[in-house]
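A.B. asks: To start, I am sharing the structure in question, which I have written as structure tokens.
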Amino acid sequence: MSKRLNIFVACGSGIATSTVAADKIEEVLKEKGLKNYKINKISMTELQGALSSADVIFTTNKYRGEHDVPIMSVVPFITGIGEQKKVEEVSTLIDQVLEEKED
Amino acid sequence: MKLLELIEEDYIWVDEKLNNEKDVFKKVNEKARTDNKVKETFFEALCARENEFPTGLNLGQYAIAIPHTDSEHVLSEFVAILIPEKNVTFQGMEDPEEEIHADIIFVMALKESNHHLTILREIMSLIQNEEIIQELIEVKNKKEIIQILERVDFNE
């Protein structure tokens with residue numbers, strides 16, 4: 001059994017765009033057949049505090065601070081422009097994160 | 001809660017001369033203060049929020065911005081629509097270094113957090129329809145905007 005993937009989705013408020021993005025990310029995870037994950041929605045100001053526990057973070061705003069955890073912007077999930085390409089990027093990143101987690 | 005329920009003609013501005021995001025916020029704030037829909041803190045909160053977490057979104061051929069504040073500054077919910085005479089420069093949500101020349105600005109003044117989500121979803125389905133955006137940009141009066149929005153099926 002694989003370890004649980006801890007995912008954070010952040011936006012300015014932690015309410016609006018992060019929820020929309022989180023739904024899309026969940027779709028990607030389900031499409032990949034993943035079940036063992038948790039998606040947490042947070043505000044950008046809470047992001048720094050999440051760095052220690054997160055496996056991967058998705059945002060709709062740019063995070064300027066330093067980080068070891070992979071952070072990916074998912075604005076295409078809001079605008080619909082380049083959405084398919086972003087789905088693939090998210091999928092690839094999840095694969096990488098899972099692979100590292102297994103090591 | 002539906003987007004249309006939160007839109008009033010008084011909160012639509014068409015062909016308005018707006019030079020920058022401050023002009024946009026002033027316009028909305030002035031009206032909303034008069035109607036007692038927002039607190040005194042609304043204007044500053046809107047500016048600060050936009051500065052810290054910009055809301056400009058590039059849609060390829062068009063661009064929009066969706067400024068909003070935390071609910072604590074709002075007394076009575078509304079969504080304002082501004083379609084300026086000339087596009088207004090915002091910073092990009094994805095990359096604050098990027099200038100976004102917004103053709104349409106939706107200012108969301110909402111109280112309930114679940115409303116943010118519903119309204120945002122409706123605005124998203126709206127902005128992902130290029131024909132609708134084109135129509136909105138070309139309208140010349142407030143009534144037409146409401147008519148266009150009434151036609152859009154948000155449950156698609």
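Naming works like this for the structure tokens: A, B, ... for the chains as they're shown, residue 1 at the start of each chain, ligands 1 onward in shown order.
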Sorted by chain and rising residue number, which residues of chain B lie within 7 Å of chain A, and what are their closest atom pairs and distances in Å to one decimal, counting only C-alpha atoms, as JSON lines?

C.D. replies:
{"residue": "B:Phe53", "atom": "CA", "partner": "A:Gly12", "partner_atom": "CA", "distance": 5.7}
{"residue": "B:Leu59", "atom": "CA", "partner": "A:Ile81", "partner_atom": "CA", "distance": 6.3}
{"residue": "B:Met93", "atom": "CA", "partner": "A:Asn61", "partner_atom": "CA", "distance": 5.4}
{"residue": "B:Glu94", "atom": "CA", "partner": "A:Asn61", "partner_atom": "CA", "distance": 5.0}
{"residue": "B:Asp95", "atom": "CA", "partner": "A:Lys62", "partner_atom": "CA", "distance": 5.9}
{"residue": "B:Ser113", "atom": "CA", "partner": "A:Ile15", "partner_atom": "CA", "distance": 6.4}
{"residue": "B:His116", "atom": "CA", "partner": "A:Ala16", "partner_atom": "CA", "distance": 5.4}
{"residue": "B:Leu117", "atom": "CA", "partner": "A:Ala16", "partner_atom": "CA", "distance": 4.9}
{"residue": "B:Leu120", "atom": "CA", "partner": "A:Ala16", "partner_atom": "CA", "distance": 6.8}
{"residue": "B:Met124", "atom": "CA", "partner": "A:Thr79", "partner_atom": "CA", "distance": 6.5}
{"residue": "B:Gln128", "atom": "CA", "partner": "A:Gly80", "partner_atom": "CA", "distance": 6.1}

A.B. asks: Give me, as a VMD selection string, all polymer residues having an atom no more than 7 Å from B:Gln91, counting only C-alpha atoms and skipping those fewer than 4 positions away in the same chain.

C.D. replies: chain B and resid 54 to 56 96 to 100

A.B. asks: Please produce a file of those selected residues containing N, CA and C atoms, as a JSON list (two decimals), in the first residue's frame.

C.D. replies:
[["chain", "number", "residue", "atom", "x", "y", "z"],
["B", 54, "PRO", "N", -2.90, 39.63, -7.10],
["B", 54, "PRO", "CA", -3.59, 40.22, -8.25],
["B", 54, "PRO", "C", -4.57, 39.22, -8.89],
["B", 55, "THR", "N", -5.54, 39.76, -9.63],
["B", 55, "THR", "CA", -6.60, 38.89, -10.16],
["B", 55, "THR", "C", -6.77, 38.99, -11.68],
["B", 56, "GLY", "N", -5.78, 39.56, -12.37],
["B", 56, "GLY", "CA", -5.87, 39.63, -13.82],
["B", 56, "GLY", "C", -5.74, 38.25, -14.44],
["B", 96, "PRO", "N", 2.50, 38.08, -11.15],
["B", 96, "PRO", "CA", 2.26, 39.49, -10.88],
["B", 96, "PRO", "C", 3.12, 40.44, -11.73],
["B", 97, "GLU", "N", 4.17, 39.89, -12.33],
["B", 97, "GLU", "CA", 5.03, 40.72, -13.18],
["B", 97, "GLU", "C", 4.37, 40.98, -14.54],
["B", 98, "GLU", "N", 3.39, 40.14, -14.84],
["B", 98, "GLU", "CA", 2.74, 40.25, -16.14],
["B", 98, "GLU", "C", 1.60, 41.27, -16.10],
["B", 99, "GLU", "N", 1.57, 42.17, -17.10],
["B", 99, "GLU", "CA", 0.48, 43.13, -17.18],
["B", 99, "GLU", "C", -0.68, 42.52, -17.96],
["B", 100, "ILE", "N", -1.86, 42.62, -17.37],
["B", 100, "ILE", "CA", -3.07, 42.09, -18.01],
["B", 100, "ILE", "C", -3.95, 43.28, -18.37]]

A.B. asks: Can you check which residues of chain A DSSP gives as alpha helix (DSSP H) on the backbone and send them as a VMD selection string?

C.D. replies: chain A and resid 16 to 31 47 to 50 76 to 79 83 to 102

A.B. asks: Using only C-alpha atoms, which protein or nucleic acid residues come within 9 Å of stretch 37-52 of chain B? Drop anything in the same chain fewer than 4 positions from it, and give the result as a list in words.

C.D. replies: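 Near neighbours after the sequence-gap exclusion: Gly12 of chain A; Glu21, Lys22, Phe25, Lys26, Val28, Asn29, Glu30, Lys31, Ala32, Arg33, Pro67, His68, Thr69, Asp70, Glu72, His73, Val74, Leu75, Ser76, Glu77, Phe78, Phe90, Gln91, Pro96 and Ala109 of chain B.
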
A.B. asks: For the residues selected in the previous step, produce a file with N, CA, C and O atoms as a compact mmCIF listing (two decimals), in the first residue's frame.

C.D. replies:
# COMPACT_ATOMS: atom_id res chain seq x y z
N GLY A 12 -5.41 33.26 -2.94
CA GLY A 12 -5.38 34.45 -2.08
C GLY A 12 -6.19 34.27 -0.81
O GLY A 12 -5.73 34.55 0.29
N GLU B 21 -6.59 50.51 -12.11
CA GLU B 21 -7.42 49.70 -11.20
C GLU B 21 -8.00 50.54 -10.07
O GLU B 21 -9.12 50.29 -9.62
N LYS B 22 -7.28 51.56 -9.63
CA LYS B 22 -7.79 52.44 -8.57
C LYS B 22 -9.09 53.12 -9.02
O LYS B 22 -10.02 53.26 -8.23
N PHE B 25 -11.86 50.67 -8.68
CA PHE B 25 -12.26 50.44 -7.29
C PHE B 25 -13.00 51.66 -6.73
O PHE B 25 -13.96 51.51 -5.97
N LYS B 26 -12.55 52.88 -7.13
CA LYS B 26 -13.21 54.10 -6.66
C LYS B 26 -14.65 54.14 -7.12
O LYS B 26 -15.56 54.45 -6.36
N VAL B 28 -16.67 51.72 -8.01
CA VAL B 28 -17.52 50.73 -7.35
C VAL B 28 -17.74 51.11 -5.88
O VAL B 28 -18.86 51.07 -5.37
N ASN B 29 -16.65 51.51 -5.23
CA ASN B 29 -16.74 51.85 -3.81
C ASN B 29 -17.68 53.02 -3.56
O ASN B 29 -18.50 52.99 -2.63
N GLU B 30 -17.58 54.05 -4.40
CA GLU B 30 -18.41 55.25 -4.23
C GLU B 30 -19.90 54.87 -4.24
O GLU B 30 -20.66 55.27 -3.35
N LYS B 31 -20.27 54.09 -5.20
CA LYS B 31 -21.66 53.67 -5.33
C LYS B 31 -22.07 52.76 -4.16
O LYS B 31 -23.13 52.95 -3.55
N ALA B 32 -21.21 51.83 -3.85
CA ALA B 32 -21.54 50.85 -2.80
C ALA B 32 -21.59 51.51 -1.42
O ALA B 32 -22.37 51.10 -0.56
N ARG B 33 -20.77 52.53 -1.21
CA ARG B 33 -20.80 53.26 0.07
C ARG B 33 -22.11 54.03 0.17
O ARG B 33 -22.75 54.04 1.21
N PRO B 67 -11.41 41.24 -9.18
CA PRO B 67 -11.03 41.73 -7.84
C PRO B 67 -12.07 41.35 -6.80
O PRO B 67 -13.26 41.34 -7.10
N HIS B 68 -11.63 41.06 -5.59
CA HIS B 68 -12.54 40.79 -4.49
C HIS B 68 -11.85 41.03 -3.16
O HIS B 68 -10.64 41.20 -3.10
N THR B 69 -12.64 41.03 -2.10
CA THR B 69 -12.09 41.24 -0.76
C THR B 69 -12.59 40.12 0.15
O THR B 69 -13.43 39.33 -0.24
N ASP B 70 -12.08 40.11 1.36
CA ASP B 70 -12.65 39.22 2.36
C ASP B 70 -14.06 39.71 2.68
O ASP B 70 -14.35 40.89 2.56
N GLU B 72 -15.60 40.26 5.36
CA GLU B 72 -15.82 41.16 6.50
C GLU B 72 -16.04 42.63 6.09
O GLU B 72 -16.57 43.41 6.87
N HIS B 73 -15.65 42.99 4.88
CA HIS B 73 -15.80 44.38 4.44
C HIS B 73 -17.13 44.62 3.72
O HIS B 73 -17.41 45.73 3.29
N VAL B 74 -17.90 43.55 3.56
CA VAL B 74 -19.13 43.63 2.77
C VAL B 74 -20.35 43.58 3.69
O VAL B 74 -20.43 42.78 4.61
N LEU B 75 -21.32 44.47 3.43
CA LEU B 75 -22.56 44.48 4.22
C LEU B 75 -23.69 43.79 3.45
O LEU B 75 -24.50 43.08 4.00
N SER B 76 -23.73 44.04 2.14
CA SER B 76 -24.77 43.45 1.31
C SER B 76 -24.14 43.05 -0.03
O SER B 76 -23.50 43.85 -0.69
N GLU B 77 -24.34 41.80 -0.39
CA GLU B 77 -23.58 41.23 -1.51
C GLU B 77 -23.96 41.81 -2.87
O GLU B 77 -25.13 42.10 -3.12
N PHE B 78 -22.97 41.94 -3.73
CA PHE B 78 -23.23 42.31 -5.12
C PHE B 78 -22.04 41.92 -5.98
O PHE B 78 -20.94 41.67 -5.46
N PHE B 90 -4.21 45.47 -15.14
CA PHE B 90 -4.11 44.78 -13.85
C PHE B 90 -2.84 43.94 -13.89
O PHE B 90 -2.24 43.74 -14.94
N GLN B 91 -2.46 43.41 -12.74
CA GLN B 91 -1.34 42.45 -12.72
C GLN B 91 -1.94 41.05 -12.82
O GLN B 91 -3.08 40.82 -12.43
N PRO B 96 2.50 38.08 -11.15
CA PRO B 96 2.26 39.49 -10.88
C PRO B 96 3.12 40.44 -11.73
O PRO B 96 2.84 41.62 -11.81
N ALA B 109 -18.21 41.37 -4.46
CA ALA B 109 -18.34 41.78 -3.05
C ALA B 109 -19.30 40.80 -2.41
O ALA B 109 -20.51 40.97 -2.48

A.B. asks: Out of A:Lys86, A:Lys30, A:Lys3, A:Lys41, which residue has the shortest atom-to-atom distance to A:Ile57 when counting only C-alpha atoms?

C.D. replies: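 Looking at the shortest contact to A:Ile57, the residue is A:Lys41.
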
A.B. asks: Excluding stretch 9-18 of chain B and its own-chain neighbours fewer than 3 positions away, which residues fall within 8 Å of it when counting only C-alpha atoms? Please give them as a list of chain:residue names.

C.D. replies: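 Within the cut-off, the hits are B:Glu21, B:Asp23, B:Val24, B:Val28, B:Lys31, B:Val79, B:Ala80, B:Ile81, B:Leu82, B:Ile83, B:Pro84, B:Glu85, B:Lys86, B:Val88, B:Val139, B:Lys140, B:Asn141, B:Lys142, B:Lys143, B:Ile146.
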
A.B. asks: Point out the residue among A:Asp95, A:Glu89, A:Asp103, A:Asp68 with the least atom-to-atom distance to A:Leu51, counting only C-alpha atoms.

C.D. replies: A:Asp68

A.B. asks: Write out as a list in words the set of residues from stretch 8-50 of chain A that DSSP, computed on the backbone, places in strand (DSSP E).

C.D. replies: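 The residues of stretch 8-50 of chain A classed as strand (DSSP E) are Phe8, Val9, Ala10, Cys11, Tyr37, Lys38, Ile39, Asn40, Lys41, Ile42 and Ser43 of chain A.
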
A.B. asks: Next, write the just-selected residues to a file, as an mmCIF file, in the first residue's frame, keeping C-alpha atoms as the atom set.

C.D. replies:
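Okay, result.cif is ready:
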data_model
loop_
_atom_site.group_PDB
_atom_site.id
_atom_site.type_symbol
_atom_site.label_atom_id
_atom_site.label_comp_id
_atom_site.auth_asym_id
_atom_site.auth_seq_id
_atom_site.Cartn_x
_atom_site.Cartn_y
_atom_site.Cartn_z
ATOM 1 C CA PHE A 8 -2.312 21.540 -0.776
ATOM 2 C CA VAL A 9 -4.147 23.948 -3.053
ATOM 3 C CA ALA A 10 -3.649 27.631 -2.282
ATOM 4 C CA CYS A 11 -5.144 30.904 -3.476
ATOM 5 C CA TYR A 37 -4.577 11.271 -1.031
ATOM 6 C CA LYS A 38 -5.778 14.278 0.905
ATOM 7 C CA ILE A 39 -6.440 17.669 -0.658
ATOM 8 C CA ASN A 40 -6.202 20.647 1.677
ATOM 9 C CA LYS A 41 -7.304 24.127 0.662
ATOM 10 C CA ILE A 42 -5.362 27.005 2.152
ATOM 11 C CA SER A 43 -4.724 30.710 1.633
#

A.B. asks: Can you tell me, as a PyMOL selection string, what residues are no more than 9 Å from B:Thr118 when counting only C-alpha atoms, ignoring any on the same chain fewer than 3 positions away?

C.D. replies: (chain A and resi 16) or (chain B and resi 1-3+114-115+121-123)

A.B. asks: Print the selection's residues with all heavy atoms to a file, as a tab-separated table (two decimals), in the first residue's frame.

C.D. replies:
chain	number	residue	atom	x	y	z
A	16	ALA	N	-12.02	30.75	-2.96
A	16	ALA	CA	-12.65	30.74	-4.28
A	16	ALA	C	-11.86	29.97	-5.34
A	16	ALA	O	-12.21	28.84	-5.68
A	16	ALA	CB	-12.90	32.18	-4.74
B	1	MET	N	-27.59	30.75	-4.63
B	1	MET	CA	-27.13	32.09	-5.05
B	1	MET	C	-26.65	32.05	-6.49
B	1	MET	O	-25.83	31.23	-6.86
B	1	MET	CB	-26.02	32.53	-4.11
B	1	MET	CG	-25.52	33.95	-4.33
B	1	MET	SD	-26.77	35.24	-4.33
B	1	MET	CE	-27.43	35.09	-2.66
B	2	LYS	N	-27.20	32.93	-7.28
B	2	LYS	CA	-26.86	32.96	-8.69
B	2	LYS	C	-26.23	34.31	-9.03
B	2	LYS	O	-26.62	35.34	-8.47
B	2	LYS	CB	-28.11	32.78	-9.53
B	2	LYS	CG	-28.64	31.36	-9.52
B	2	LYS	CD	-28.09	30.62	-10.71
B	2	LYS	CE	-28.42	29.15	-10.62
B	2	LYS	NZ	-27.48	28.35	-11.38
B	3	LEU	N	-25.33	34.30	-9.98
B	3	LEU	CA	-24.67	35.52	-10.43
B	3	LEU	C	-25.68	36.61	-10.78
B	3	LEU	O	-25.58	37.75	-10.35
B	3	LEU	CB	-23.77	35.19	-11.63
B	3	LEU	CG	-23.02	36.34	-12.30
B	3	LEU	CD1	-22.12	37.07	-11.33
B	3	LEU	CD2	-22.20	35.83	-13.47
B	114	ASN	N	-19.22	30.20	0.48
B	114	ASN	CA	-19.71	29.30	-0.58
B	114	ASN	C	-20.25	30.09	-1.77
B	114	ASN	O	-20.29	29.59	-2.88
B	114	ASN	CB	-20.74	28.31	-0.04
B	114	ASN	CG	-21.93	28.98	0.59
B	114	ASN	OD1	-21.82	30.10	1.07
B	114	ASN	ND2	-23.06	28.32	0.59
B	115	HIS	N	-20.64	31.34	-1.53
B	115	HIS	CA	-21.06	32.19	-2.65
B	115	HIS	C	-19.88	32.51	-3.57
B	115	HIS	O	-20.03	32.57	-4.78
B	115	HIS	CB	-21.68	33.49	-2.14
B	115	HIS	CG	-23.01	33.28	-1.51
B	115	HIS	ND1	-23.72	34.29	-0.91
B	115	HIS	CD2	-23.77	32.16	-1.37
B	115	HIS	CE1	-24.86	33.80	-0.43
B	115	HIS	NE2	-24.90	32.51	-0.70
B	121	ARG	N	-17.60	30.15	-10.22
B	121	ARG	CA	-17.89	29.11	-11.23
B	121	ARG	C	-18.73	29.67	-12.37
B	121	ARG	O	-18.50	29.34	-13.53
B	121	ARG	CB	-18.67	27.96	-10.59
B	121	ARG	CG	-17.80	26.94	-9.94
B	121	ARG	CD	-18.62	25.71	-9.62
B	121	ARG	NE	-18.05	24.96	-8.53
B	121	ARG	CZ	-16.95	24.24	-8.64
B	121	ARG	NH1	-16.32	24.18	-9.80
B	121	ARG	NH2	-16.46	23.60	-7.61
B	122	GLU	N	-19.71	30.49	-12.04
B	122	GLU	CA	-20.54	31.07	-13.08
B	122	GLU	C	-19.74	32.04	-13.95
B	122	GLU	O	-19.88	32.05	-15.16
B	122	GLU	CB	-21.76	31.78	-12.47
B	122	GLU	CG	-22.72	30.79	-11.84
B	122	GLU	CD	-24.09	31.38	-11.57
B	122	GLU	OE1	-24.42	32.41	-12.19
B	122	GLU	OE2	-24.81	30.82	-10.74
B	123	ILE	N	-18.91	32.85	-13.29
B	123	ILE	CA	-18.07	33.78	-14.06
B	123	ILE	C	-17.13	32.98	-14.96
B	123	ILE	O	-16.90	33.32	-16.11
B	123	ILE	CB	-17.30	34.74	-13.13
B	123	ILE	CG1	-18.28	35.69	-12.45
B	123	ILE	CG2	-16.23	35.52	-13.90
B	123	ILE	CD1	-17.68	36.64	-11.44

A.B. asks: Neighbours of A:Val90 within 10 Å (only C-alpha atoms; same-chain residues fewer than 6 positions away dropped), as a list in words?

C.D. replies: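 The neighbour list is Ile25, Val28, Leu29, Phe58, Met72, Ser73, Val74, Gln84 and Gln96 of chain A.
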
A.B. asks: Select, from A:Val56, A:Val69, A:Arg4, A:Arg64, the residue with the minimum atom-to-atom distance to A:Ile94, counting only C-alpha atoms.

C.D. replies: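 Answer, going by the shortest atom-to-atom distance: A:Val56.
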